[in-house]
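Shown here: data-v3.txt, compact mmCIF, C-alpha atoms.
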```txt
# COMPACT_ATOMS: atom_id res chain seq x y z
CA MET A 1 9.98 -26.99 -10.61
CA SER A 2 7.79 -25.44 -7.91
CA LEU A 3 8.67 -22.26 -6.08
CA HIS A 4 9.00 -24.21 -2.83
CA TYR A 5 11.46 -26.65 -4.35
CA THR A 6 13.49 -23.88 -5.94
CA LEU A 7 13.72 -22.08 -2.63
CA SER A 8 14.99 -25.18 -0.88
CA VAL A 9 17.74 -25.53 -3.49
CA VAL A 10 19.14 -22.00 -3.14
CA GLN A 11 18.72 -21.64 0.60
CA ASP A 12 22.31 -22.35 1.54
CA SER A 13 24.22 -20.97 4.51
CA LYS A 14 25.80 -18.17 2.46
CA LEU A 15 22.39 -16.88 1.34
CA ARG A 16 20.92 -17.09 4.82
CA SER A 17 23.83 -15.12 6.24
CA ASN A 18 23.19 -12.36 3.69
CA LEU A 19 19.48 -11.95 4.43
CA PRO A 20 18.56 -8.36 5.32
CA LYS A 21 18.56 -7.73 9.04
CA PRO A 22 15.29 -6.34 10.43
CA MET A 23 15.70 -2.61 10.90
CA PRO A 24 13.44 0.44 11.02
CA PRO A 25 12.69 2.03 7.62
CA HIS A 26 13.95 5.48 6.58
CA PRO A 27 17.40 5.24 8.23
CA GLU A 28 18.76 7.91 5.85
CA GLU A 29 16.21 10.61 6.63
CA ASN A 30 18.87 12.92 8.09
CA LEU A 31 20.76 13.03 4.77
CA SER A 32 19.83 15.38 1.95
CA GLY A 33 20.09 15.72 -1.82
CA PRO A 34 22.00 13.18 -3.93
CA ASP A 35 23.52 11.51 -0.86
CA GLN A 36 20.07 10.73 0.49
CA SER A 37 18.94 9.29 -2.85
CA VAL A 38 22.01 7.03 -3.05
CA ALA A 39 21.47 5.87 0.54
CA LEU A 40 17.79 5.15 -0.11
CA TRP A 41 18.64 3.12 -3.22
CA ARG A 42 21.15 1.16 -1.17
CA ASP A 43 18.58 0.53 1.56
CA MET A 44 16.01 -0.69 -0.97
CA ALA A 45 18.58 -2.88 -2.74
CA LYS A 46 18.96 -5.08 0.34
CA TRP A 47 15.71 -6.86 -0.56
CA PHE A 48 17.18 -8.32 -3.76
CA GLY A 49 19.77 -10.92 -4.71
CA GLU A 50 23.38 -10.08 -5.47
CA ASP A 51 23.04 -9.18 -9.17
CA VAL A 52 19.97 -6.95 -8.90
CA ARG A 53 21.32 -5.42 -5.71
CA SER A 54 24.52 -4.53 -7.55
CA VAL A 55 22.51 -2.72 -10.25
CA LEU A 56 20.46 -0.71 -7.76
CA ASP A 57 23.54 0.17 -5.67
CA LYS A 58 25.10 1.85 -8.73
CA ILE A 59 22.18 4.12 -9.61
CA ARG A 60 23.20 7.77 -9.62
CA THR A 61 21.06 9.45 -12.30
CA ILE A 62 17.59 8.50 -11.00
CA SER A 63 16.34 10.23 -7.86
CA PHE A 64 14.83 7.66 -5.53
CA HIS A 65 12.16 10.18 -4.57
CA GLU A 66 10.76 10.06 -8.12
CA VAL A 67 10.45 6.26 -8.21
CA GLU A 68 7.08 4.55 -7.77
CA GLU A 69 7.84 0.94 -8.69
CA ILE A 70 10.70 -1.53 -9.24
CA ARG A 71 9.59 -4.36 -11.54
CA LEU A 72 11.23 -7.75 -12.08
CA ARG A 73 9.84 -10.06 -14.80
CA VAL A 74 11.59 -13.30 -15.70
CA GLY A 75 13.30 -12.98 -19.07
CA GLN A 76 12.55 -9.25 -19.34
CA PRO A 77 14.58 -6.07 -18.67
CA LEU A 78 14.86 -4.71 -15.12
CA LEU A 79 12.45 -1.78 -14.99
CA VAL A 80 12.01 1.24 -12.73
CA ARG A 81 8.84 3.32 -13.05
CA THR A 82 8.53 6.99 -12.18
CA SER A 83 5.32 9.02 -12.41
CA ASP A 84 5.83 9.62 -16.12
CA SER A 85 8.53 7.23 -17.39
CA ASP A 86 9.53 3.58 -17.66
CA LEU A 87 13.31 3.34 -17.20
CA PHE A 88 15.31 0.22 -18.15
CA LEU A 89 18.53 -0.35 -16.20
CA ASN A 90 21.83 -1.90 -17.30
CA ARG A 91 24.37 -3.63 -15.06
CA GLU A 92 26.02 -0.28 -14.30
CA GLY A 93 22.80 1.20 -12.93
CA GLY A 94 22.37 3.45 -15.94
CA VAL A 95 19.27 4.07 -18.03
CA THR A 96 19.41 2.32 -21.37
CA SER A 97 17.31 0.76 -24.14
CA PRO A 98 15.39 -2.45 -23.35
CA GLU A 99 17.75 -4.49 -25.52
CA LYS A 100 20.82 -3.39 -23.53
CA ALA A 101 19.28 -3.64 -20.07
CA TYR A 102 19.93 -6.23 -17.37
CA PHE A 103 17.61 -9.17 -18.06
CA VAL A 104 15.95 -10.67 -14.99
CA ARG A 105 16.46 -14.38 -14.30
CA GLN A 106 14.36 -16.83 -12.31
CA GLU A 107 17.14 -16.91 -9.72
CA ASP A 108 16.73 -13.16 -9.16
CA LEU A 109 13.09 -13.65 -8.17
CA VAL A 110 13.88 -16.62 -5.95
CA CYS A 111 16.59 -14.70 -4.11
CA ALA A 112 14.35 -11.67 -3.70
CA LEU A 113 11.54 -13.77 -2.23
CA GLU A 114 13.99 -15.42 0.14
CA ARG A 115 15.08 -12.05 1.44
CA MET A 116 11.62 -10.49 1.51
CA THR A 117 10.24 -13.39 3.57
CA HIS A 118 13.41 -13.85 5.68
CA SER A 119 13.60 -17.44 4.39
CA SER A 120 10.08 -18.16 5.68
CA ILE A 121 8.17 -18.54 2.44
CA TYR A 122 5.62 -20.80 4.14
CA ALA A 123 4.88 -18.12 6.76
CA ALA A 124 4.07 -15.74 3.90
CA GLU A 125 1.64 -18.09 2.13
CA GLU A 126 -1.45 -16.29 3.42
CA ASP A 127 -0.23 -13.06 1.83
CA LEU A 128 0.84 -14.85 -1.35
CA LYS A 129 -2.70 -16.15 -1.73
CA GLN A 130 -3.69 -12.52 -2.14
CA GLY A 131 -0.85 -11.86 -4.57
CA PHE A 132 1.31 -9.60 -2.43
CA LEU A 133 3.88 -9.24 0.34
CA THR A 134 4.33 -6.21 2.59
CA LEU A 135 7.79 -5.04 3.62
CA PRO A 136 8.66 -2.89 6.65
CA GLY A 137 7.60 0.69 6.03
CA GLY A 138 4.52 -0.30 4.05
CA ASN A 139 6.29 -1.01 0.76
CA ARG A 140 4.14 -3.56 -1.04
CA VAL A 141 5.38 -6.28 -3.38
CA GLY A 142 2.95 -7.60 -5.96
CA VAL A 143 3.57 -11.22 -6.97
CA THR A 144 2.38 -13.15 -10.03
CA GLY A 145 2.92 -16.73 -11.10
CA GLU A 146 0.98 -19.97 -11.35
CA ALA A 147 -1.86 -20.24 -8.86
CA VAL A 148 -2.28 -23.54 -7.03
CA ILE A 149 -6.01 -24.21 -6.69
CA LEU A 150 -7.63 -26.63 -4.25
CA ARG A 151 -11.42 -26.99 -4.09
CA GLY A 152 -11.83 -23.71 -5.90
CA GLN A 153 -9.57 -21.77 -3.50
CA ILE A 154 -6.08 -20.39 -4.14
CA GLN A 155 -3.60 -22.18 -1.87
CA THR A 156 -0.37 -20.51 -2.95
CA LEU A 157 1.63 -19.40 -5.99
CA LYS A 158 4.38 -21.37 -7.71
CA HIS A 159 6.63 -20.68 -10.69
CA VAL A 160 6.66 -17.01 -9.69
CA SER A 161 7.23 -14.95 -12.82
CA ALA A 162 7.15 -11.32 -11.69
CA LEU A 163 7.60 -9.03 -8.70
CA ASN A 164 6.47 -5.42 -8.46
CA LEU A 165 7.84 -3.49 -5.50
CA ARG A 166 5.67 -0.40 -4.98
CA ILE A 167 7.36 2.36 -3.01
CA ALA A 168 5.21 3.70 -0.17
CA ARG A 169 5.23 7.47 0.32
CA GLU A 170 4.18 9.73 3.16
CA ILE A 171 2.96 13.14 1.95
CA LYS A 172 1.60 15.30 4.74
CA GLY A 173 -0.79 18.21 4.29
CA GLN A 174 -2.65 17.01 1.22
CA GLY A 175 -5.70 16.02 3.25
CA LEU A 176 -5.97 19.43 4.91
CA LYS A 177 -7.09 20.95 1.60
CA ILE A 178 -10.25 18.84 1.50
CA MET A 179 -10.83 18.16 5.19
CA PRO A 180 -13.35 21.03 5.64
CA LEU A 181 -15.46 19.51 2.85
CA LEU A 182 -15.67 16.19 4.71
CA LEU A 183 -17.05 17.62 7.93
CA GLY A 184 -20.66 18.15 8.92
CA ALA A 185 -22.07 21.18 10.75
CA ASP A 186 -21.30 19.38 14.02
CA GLY A 187 -17.60 19.21 13.17
CA MET A 188 -17.73 15.43 12.81
CA LEU A 189 -16.48 13.45 9.83
CA ARG A 190 -19.12 12.44 7.31
CA HIS A 191 -18.92 8.82 6.13
CA THR A 192 -16.33 9.16 3.35
CA LEU A 193 -15.18 7.01 0.44
CA LEU A 194 -11.99 7.77 -1.51
CA ILE A 195 -11.81 6.21 -4.98
CA SER A 196 -9.13 6.16 -7.65
CA PRO A 197 -7.48 3.86 -10.19
CA PRO A 198 -4.26 2.11 -9.05
CA ARG A 199 -1.23 4.36 -8.42
CA ALA A 200 -3.31 7.51 -8.02
CA GLY A 201 -2.54 8.19 -4.35
CA LYS A 202 -5.65 7.11 -2.44
CA THR A 203 -3.69 5.23 0.25
CA THR A 204 -1.38 8.21 0.74
CA LEU A 205 -4.35 10.56 1.08
CA LEU A 206 -6.10 8.17 3.46
CA ARG A 207 -3.03 8.05 5.68
CA ASP A 208 -2.89 11.85 5.83
CA LEU A 209 -6.61 12.17 6.63
CA ILE A 210 -6.25 9.66 9.47
CA ARG A 211 -3.46 11.75 11.01
CA ILE A 212 -5.43 14.99 10.65
CA ILE A 213 -8.61 13.54 12.18
CA SER A 214 -6.64 11.94 15.01
CA ASN A 215 -4.76 15.13 15.91
CA GLY A 216 -7.56 17.58 15.20
CA VAL A 217 -7.42 21.00 13.53
CA PRO A 218 -8.92 23.69 15.79
CA GLN A 219 -8.79 26.28 12.99
CA ILE A 220 -11.51 24.42 11.08
CA GLY A 221 -13.44 23.26 14.10
CA LEU A 222 -12.12 19.69 14.01
CA ARG A 223 -11.53 18.20 17.44
CA GLY A 224 -9.10 15.30 17.68
CA GLN A 225 -10.95 12.01 17.52
CA THR A 226 -10.11 8.39 18.31
CA VAL A 227 -9.39 6.56 15.06
CA GLY A 228 -9.32 2.78 14.68
CA VAL A 229 -7.34 1.58 11.67
CA VAL A 230 -7.83 -1.90 10.24
CA ASP A 231 -4.58 -2.29 8.28
CA GLU A 232 -5.05 -5.64 6.56
CA ARG A 233 -2.08 -5.33 4.21
CA GLY A 234 0.26 -3.34 6.44
CA GLU A 235 0.42 -0.36 4.08
CA LEU A 236 -1.27 2.36 6.09
CA ALA A 237 0.76 2.26 9.30
CA GLY A 238 3.86 0.36 8.16
CA MET A 239 3.99 -1.33 11.57
CA TRP A 240 7.48 -2.23 12.79
CA GLN A 241 7.62 -4.41 15.90
CA GLY A 242 4.25 -3.06 17.00
CA VAL A 243 5.05 0.61 16.33
CA PRO A 244 3.68 2.50 13.28
CA THR A 245 6.38 3.71 10.90
CA TYR A 246 4.07 6.43 9.62
CA ASN A 247 2.62 9.15 11.81
CA LEU A 248 -1.09 8.36 12.07
CA GLY A 249 -1.78 10.79 14.88
CA TYR A 250 -2.03 10.96 18.67
CA ARG A 251 -5.35 9.14 19.01
CA THR A 252 -4.97 6.30 16.50
CA ASP A 253 -5.04 2.56 17.26
CA VAL A 254 -3.90 0.12 14.58
CA LEU A 255 -4.97 -3.47 14.06
CA ASP A 256 -2.27 -4.79 11.74
CA GLY A 257 -2.46 -7.76 9.36
CA CYS A 258 -6.06 -8.66 10.18
CA PRO A 259 -8.72 -9.25 7.49
CA LYS A 260 -10.98 -6.20 7.30
CA ALA A 261 -14.25 -8.05 7.90
CA ARG A 262 -12.96 -9.56 11.14
CA GLY A 263 -10.91 -6.55 12.14
CA MET A 264 -13.78 -4.06 12.00
CA ASN A 265 -15.70 -5.98 14.62
CA MET A 266 -12.60 -6.44 16.78
CA ILE A 267 -11.53 -2.82 16.80
CA VAL A 268 -15.03 -1.48 17.46
CA ARG A 269 -15.42 -3.78 20.46
CA SER A 270 -11.93 -3.35 21.87
CA MET A 271 -10.97 0.28 21.17
CA ALA A 272 -14.31 2.14 20.83
CA PRO A 273 -13.19 4.38 17.95
CA GLN A 274 -15.12 7.43 16.84
CA VAL A 275 -13.79 6.95 13.31
CA MET A 276 -12.87 3.65 11.64
CA ALA A 277 -10.48 3.71 8.68
CA MET A 278 -9.49 1.01 6.20
CA ASP A 279 -7.97 0.63 2.75
CA GLU A 280 -9.37 -1.07 -0.35
CA LEU A 281 -12.94 -1.90 0.58
CA GLY A 282 -14.44 -4.35 -1.88
CA HIS A 283 -15.41 -7.80 -0.64
CA THR A 284 -18.93 -8.85 0.32
CA ASP A 285 -17.77 -9.73 3.84
CA ASP A 286 -16.28 -6.25 4.19
CA ALA A 287 -19.60 -4.64 3.34
CA ALA A 288 -21.51 -6.76 5.84
CA ALA A 289 -19.02 -5.96 8.62
CA LEU A 290 -19.13 -2.28 7.71
CA MET A 291 -22.92 -2.17 7.92
CA ASP A 292 -22.71 -3.82 11.35
CA ALA A 293 -20.10 -1.30 12.55
CA LEU A 294 -22.28 1.62 11.44
CA ARG A 295 -24.93 0.53 13.94
CA THR A 296 -22.51 1.39 16.74
CA GLY A 297 -22.34 5.03 15.65
CA VAL A 298 -18.76 4.90 14.34
CA ARG A 299 -17.83 7.13 11.39
CA VAL A 300 -16.25 5.43 8.37
CA LEU A 301 -13.32 6.50 6.20
CA SER A 302 -12.32 4.08 3.44
CA THR A 303 -10.84 3.71 -0.03
CA ALA A 304 -11.80 1.57 -3.00
CA HIS A 305 -10.61 0.92 -6.55
CA ALA A 306 -12.66 2.86 -9.11
CA GLY A 307 -11.92 5.71 -11.47
CA THR A 308 -15.36 7.33 -11.34
CA LEU A 309 -18.62 7.14 -9.42
CA GLU A 310 -20.08 5.19 -12.34
CA GLU A 311 -17.29 2.62 -12.09
CA ALA A 312 -17.85 2.34 -8.33
CA ARG A 313 -21.53 1.67 -8.96
CA GLY A 314 -20.48 -1.08 -11.36
CA ARG A 315 -18.81 -3.02 -8.55
CA PRO A 316 -21.47 -5.09 -6.74
CA THR A 317 -20.22 -4.56 -3.19
CA LEU A 318 -19.70 -0.83 -3.60
CA ALA A 319 -22.99 -0.52 -5.49
CA HIS A 320 -24.85 -2.02 -2.53
CA LEU A 321 -23.24 0.38 -0.06
CA LEU A 322 -23.91 3.37 -2.31
CA GLU A 323 -27.52 2.33 -2.86
CA GLN A 324 -27.96 2.04 0.91
CA GLY A 325 -26.71 5.61 1.28
CA VAL A 326 -23.87 4.54 3.57
CA PHE A 327 -21.39 7.14 2.29
CA GLU A 328 -22.06 10.87 2.49
CA ARG A 329 -18.89 12.13 0.83
CA LEU A 330 -17.03 10.83 -2.21
CA VAL A 331 -13.48 11.93 -3.10
CA VAL A 332 -12.32 11.09 -6.63
CA LEU A 333 -8.57 11.02 -7.34
CA SER A 334 -6.59 10.57 -10.55
CA ARG A 335 -3.10 11.00 -12.00
CA LYS A 336 -3.99 13.91 -14.30
CA HIS A 337 -1.44 16.17 -12.64
CA GLY A 338 0.52 13.42 -10.93
CA PRO A 339 -0.51 10.99 -8.16
CA GLY A 340 -2.97 12.47 -5.71
CA THR A 341 -4.76 14.79 -8.13
CA ILE A 342 -8.19 15.50 -6.60
CA ASP A 343 -10.76 15.51 -9.39
CA GLY A 344 -13.68 16.31 -7.13
CA VAL A 345 -15.37 16.03 -3.75
CA TYR A 346 -19.05 15.11 -3.91
CA ASP A 347 -21.94 15.32 -1.47
CA LEU A 348 -23.62 11.98 -2.21
CA LYS A 349 -26.82 13.00 -0.43
CA THR A 350 -27.45 15.93 -2.76
CA GLY A 351 -25.28 15.02 -5.74
CA ARG A 352 -23.50 18.38 -5.54
CA ILE A 353 -19.83 18.94 -6.22
CA LEU A 354 -18.38 20.66 -3.16
```
As structure tokens, please, write out the structure in this file.
Amino acid sequence: MSLHYTLSVVQDSKLRSNLPKPMPPHPEENLSGPDQSVALWRDMAKWFGEDVRSVLDKIRTISFHEVEEIRLRVGQPLLVRTSDSDLFLNREGGVTSPEKAYFVRQEDLVCALERMTHSSIYAAEEDLKQGFLTLPGGNRVGVTGEAVILRGQIQTLKHVSALNLRIAREIKGQGLKIMPLLLGADGMLRHTLLISPPRAGKTTLLRDLIRIISNGVPQIGLRGQTVGVVDERGELAGMWQGVPTYNLGYRTDVLDGCPKARGMNMIVRSMAPQVMAMDELGHTDDAAALMDALRTGVRVLSTAHAGTLEEARGRPTLAHLLEQGVFERLVVLSRKHGPGTIDGVYDLKTGRIL
């Protein structure tokens, strides 16, 4: 049975009436301590079907602030990941052994997708082709299943087998520690690339750097600059009805949901940014658009998947940009001391560690 057919079977009036209502993220930010954690679990639970929602609503022993992922795999235990643990949950919301945990059913995934797409699975097909959905607030849901291929191109996914909801975080101040190392003698940003393996905090750091550059820091000679953000996957700004959920600064313009290659050209022409920022650079089209944008004098701030400079050079698109000397600064992150650990800042022109 295809995903589309399954959705049409379960999409009755009762389910539609229980779909989560659009609302701004972080409604519990005025609470504190355990009460805030319980409220945040309840807010996150609204994206799931009745059974999984019931489990998440009952969690009392796991602080929501420590959680990085919620994973649903058909026929496997419901799993919550923190920075250093994999926690299996039972029906009472308690941590237990895998054998005694709540086992995820196909129906749980179908209901979750219904709620996450507001019953518009077809409207989400472009995102599903890329293997993800983005929820309000920048929370990203990875999706796996059977790919439907037509003329060598992925059309959609069916028989969805797993969902991975990655919790987006906003951590301010981290970028200030390295910002002076990213500036030239003229006080302008050097072309900068942030690299890390998955779950090591590069998107969080990028978000903080955007805010700092946009607002400026007079103490280090950084004047506020106009920043254009191409937010292809909706993670950086967490746009909600045209307004960023996250604070990206006073002088930041966001192009949301647009492919990077197309968006770079659009934002340079329309908003005349001094700095252009984007997440997860990697495709050949991205590199070509980036090279074109550089000819306008814009400064570039981007991230990419790689654990080391050697790994980055092993990726054809990044290798080409590095060989061309596009980037002047390289920031390497890891999880050695938790997400966001800065392993080093490099001057790529001289090869020195700053």
Could you name the residues that touch stretch 226-229 of chain A at 7 Å or less, counting all atoms listed in the file, but leaving out those on the same chain fewer than 3 positions away, as a list in words? Ser214, Arg251, Thr252, Asp253, Val254, Leu255, Ile267, Pro273, Gln274, Val275, Met276, Ala277 and Met278 of chain A
With only C-alpha atoms counted and 12 Å as the cut-off, give the residues of stretch 68-176 of chain A in contact with stretch 185-200 of chain A, each with its shortest interatomic distance in Å and the pair that gives it, as a Markdown table.
```
| residue | atom | partner | partner_atom | distance |
| --- | --- | --- | --- | --- |
| A:Glu68 | CA | A:Arg199 | CA | 8.3 |
| A:Glu69 | CA | A:Arg199 | CA | 9.7 |
| A:Arg81 | CA | A:Arg199 | CA | 11.1 |
| A:Thr82 | CA | A:Arg199 | CA | 10.8 |
| A:Ser83 | CA | A:Arg199 | CA | 9.0 |
| A:Asp84 | CA | A:Arg199 | CA | 11.7 |
| A:Arg166 | CA | A:Arg199 | CA | 9.1 |
| A:Ile167 | CA | A:Arg199 | CA | 10.3 |
| A:Ala168 | CA | A:Arg199 | CA | 10.5 |
| A:Arg169 | CA | A:Arg199 | CA | 11.3 |
| A:Gly175 | CA | A:Leu194 | CA | 11.4 |
```
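We find atom CA of A:Val104 and atom CA of A:Asp51 to be spaced 9.3 Å apart.
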Rounded to one decimal in Å, what is the spacing between atom CA of A:Leu248 and atom CA of A:Leu206?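 Separation between atom CA of A:Leu248 and atom CA of A:Leu206: 10.0 Å.
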What is the atom CA of A:Asp108-atom CA of A:Val143 distance in Å, reported with one decimal? 13.5 Å
Model the absent atoms of stretch 262-275 of chain A so that N, CA and C atoms are present, and write the result as a PDB file, keeping the file's coordinate frame.
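This went into part07.pdb:
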```pdb
ATOM      1  N   ARG A 262     -13.129  -9.150   9.744  1.00  0.00           N
ATOM      2  CA  ARG A 262     -12.960  -9.560  11.140  1.00  0.00           C
ATOM      3  C   ARG A 262     -12.437  -8.406  11.987  1.00  0.00           C
ATOM      4  N   GLY A 263     -11.540  -7.630  11.398  1.00  0.00           N
ATOM      5  CA  GLY A 263     -10.910  -6.550  12.140  1.00  0.00           C
ATOM      6  C   GLY A 263     -11.850  -5.429  12.530  1.00  0.00           C
ATOM      7  N   MET A 264     -12.832  -5.128  11.664  1.00  0.00           N
ATOM      8  CA  MET A 264     -13.780  -4.060  12.000  1.00  0.00           C
ATOM      9  C   MET A 264     -14.512  -4.372  13.289  1.00  0.00           C
ATOM     10  N   ASN A 265     -14.984  -5.584  13.407  1.00  0.00           N
ATOM     11  CA  ASN A 265     -15.700  -5.980  14.620  1.00  0.00           C
ATOM     12  C   ASN A 265     -14.778  -5.942  15.836  1.00  0.00           C
ATOM     13  N   MET A 266     -13.542  -6.410  15.665  1.00  0.00           N
ATOM     14  CA  MET A 266     -12.600  -6.440  16.780  1.00  0.00           C
ATOM     15  C   MET A 266     -12.277  -5.037  17.291  1.00  0.00           C
ATOM     16  N   ILE A 267     -11.996  -4.136  16.361  1.00  0.00           N
ATOM     17  CA  ILE A 267     -11.530  -2.820  16.800  1.00  0.00           C
ATOM     18  C   ILE A 267     -12.664  -1.978  17.375  1.00  0.00           C
ATOM     19  N   VAL A 268     -13.884  -2.186  16.875  1.00  0.00           N
ATOM     20  CA  VAL A 268     -15.030  -1.480  17.460  1.00  0.00           C
ATOM     21  C   VAL A 268     -15.262  -1.939  18.888  1.00  0.00           C
ATOM     22  N   ARG A 269     -15.176  -3.236  19.117  1.00  0.00           N
ATOM     23  CA  ARG A 269     -15.420  -3.780  20.460  1.00  0.00           C
ATOM     24  C   ARG A 269     -14.302  -3.454  21.440  1.00  0.00           C
ATOM     25  N   SER A 270     -13.066  -3.476  20.945  1.00  0.00           N
ATOM     26  CA  SER A 270     -11.930  -3.350  21.870  1.00  0.00           C
ATOM     27  C   SER A 270     -11.461  -1.918  22.090  1.00  0.00           C
ATOM     28  N   MET A 271     -11.561  -1.051  21.061  1.00  0.00           N
ATOM     29  CA  MET A 271     -10.970   0.280  21.170  1.00  0.00           C
ATOM     30  C   MET A 271     -11.975   1.423  21.105  1.00  0.00           C
ATOM     31  N   ALA A 272     -13.239   1.126  20.853  1.00  0.00           N
ATOM     32  CA  ALA A 272     -14.310   2.140  20.830  1.00  0.00           C
ATOM     33  C   ALA A 272     -13.929   3.378  20.026  1.00  0.00           C
ATOM     34  N   PRO A 273     -13.581   3.215  18.752  1.00  0.00           N
ATOM     35  CA  PRO A 273     -13.190   4.380  17.950  1.00  0.00           C
ATOM     36  C   PRO A 273     -14.379   5.260  17.592  1.00  0.00           C
ATOM     37  N   GLN A 274     -14.102   6.535  17.388  1.00  0.00           N
ATOM     38  CA  GLN A 274     -15.120   7.430  16.840  1.00  0.00           C
ATOM     39  C   GLN A 274     -15.123   7.359  15.316  1.00  0.00           C
ATOM     40  N   VAL A 275     -13.949   7.095  14.757  1.00  0.00           N
ATOM     41  CA  VAL A 275     -13.790   6.950  13.310  1.00  0.00           C
ATOM     42  C   VAL A 275     -13.067   5.641  13.037  1.00  0.00           C
TER      43      VAL A 275
END
```
